[in-house]
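Peer 1: Here it is: the structure, laid out below.
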Amino acid sequence: MKLIALAAALAMTGTAAIAQDMTTPPATTATTGQTMDDPVGGYQPSTPPMSAQPLPGQQVIFQPSKSPTEAYPPPPPMASYPICKKGQYDNCRQRGG
């Protein structure tokens, strides 16, 4: 009985390791039809908000953050939008409308 339980445990760990190696990579923006790519480091700021700790007694001024439309403005409209092809959803217009 112990041998069967040990064999089952080994079989389960082996398939979990195989399943982790066989994952598919995420789709790139080239296959989805987007023209604008996301920033390489993401949307997180590349530098800290302060260069160093404030000194004792130094006045710290807090200001509100930017609104989402100011922080991440929408892209400008294109001059024309072509008809959507099969599987294309971005930067195109649908037929008949």
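Residues in the structure tokens are named by chain (A, B, ... in the order shown) and by number from 1 within that chain; ligands are numbered from 1 in the order shown.
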Write out as a list in words which residues come within 12 Å of range 59-73 of chain A when counting only C-alpha atoms, dropping same-chain ones fewer than 6 positions away.

Peer 2: Asp38, Pro39, Tyr43, Gln44, Pro45, Pro49, Met50 and Gln53 of chain A

Peer 1: Include N, CA, C and O atoms and write out the residues we just selected as a PDB file, in the first residue's frame.

Peer 2:
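The resulting part-v9.pdb:
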```
ATOM      1  N   ASP A  38       3.305  48.798 -25.372  1.00  0.00           N
ATOM      2  CA  ASP A  38       3.416  49.221 -23.984  1.00  0.00           C
ATOM      3  C   ASP A  38       4.872  49.546 -23.680  1.00  0.00           C
ATOM      4  O   ASP A  38       5.787  49.001 -24.294  1.00  0.00           O
ATOM      5  N   PRO A  39       5.133  50.420 -22.716  1.00  0.00           N
ATOM      6  CA  PRO A  39       6.525  50.715 -22.356  1.00  0.00           C
ATOM      7  C   PRO A  39       7.236  49.461 -21.868  1.00  0.00           C
ATOM      8  O   PRO A  39       6.616  48.567 -21.295  1.00  0.00           O
ATOM      9  N   TYR A  43       4.282  50.724 -16.694  1.00  0.00           N
ATOM     10  CA  TYR A  43       3.878  52.091 -16.429  1.00  0.00           C
ATOM     11  C   TYR A  43       4.383  52.613 -15.087  1.00  0.00           C
ATOM     12  O   TYR A  43       4.086  53.718 -14.703  1.00  0.00           O
ATOM     13  N   GLN A  44       5.112  51.806 -14.365  1.00  0.00           N
ATOM     14  CA  GLN A  44       5.676  52.246 -13.090  1.00  0.00           C
ATOM     15  C   GLN A  44       6.795  53.249 -13.353  1.00  0.00           C
ATOM     16  O   GLN A  44       7.565  53.090 -14.295  1.00  0.00           O
ATOM     17  N   PRO A  45       6.908  54.300 -12.535  1.00  0.00           N
ATOM     18  CA  PRO A  45       7.978  55.281 -12.751  1.00  0.00           C
ATOM     19  C   PRO A  45       9.352  54.626 -12.653  1.00  0.00           C
ATOM     20  O   PRO A  45       9.574  53.716 -11.857  1.00  0.00           O
ATOM     21  N   PRO A  49      10.181  58.666  -6.222  1.00  0.00           N
ATOM     22  CA  PRO A  49       9.623  60.011  -6.152  1.00  0.00           C
ATOM     23  C   PRO A  49      10.544  61.010  -5.459  1.00  0.00           C
ATOM     24  O   PRO A  49      10.473  62.203  -5.719  1.00  0.00           O
ATOM     25  N   MET A  50      11.403  60.520  -4.579  1.00  0.00           N
ATOM     26  CA  MET A  50      12.344  61.407  -3.883  1.00  0.00           C
ATOM     27  C   MET A  50      13.747  60.857  -4.059  1.00  0.00           C
ATOM     28  O   MET A  50      13.960  59.654  -4.017  1.00  0.00           O
ATOM     29  N   GLN A  53      16.021  60.810   1.568  1.00  0.00           N
ATOM     30  CA  GLN A  53      15.125  61.074   2.695  1.00  0.00           C
ATOM     31  C   GLN A  53      15.181  62.561   3.041  1.00  0.00           C
ATOM     32  O   GLN A  53      16.245  63.176   2.985  1.00  0.00           O
TER      33      GLN A  53
END
```

Peer 1: Record the distance separating CA of Gln94 in chain A and CA of Pro82 in chain A, expressed in Å with one decimal.

Peer 2: 8.7 Å

Peer 1: Do you have the CA of Ser46 in chain A-CA of Pro75 in chain A distance handy?

Peer 2: 21.7 Å

Peer 1: Quote the spacing between CA of Pro76 in chain A and CA of Asp90 in chain A in Å to one decimal place.

Peer 2: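 CA of Asp90 in chain A lies at a distance of 14.0 Å from CA of Pro76 in chain A.
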
Peer 1: Apply DSSP to the backbone of this structure and, from range 47-83 of chain A, keep only the residues in helix (DSSP H, G or I); write these as an MDAnalysis selection string.

Peer 2: chainID A and resid 68:71
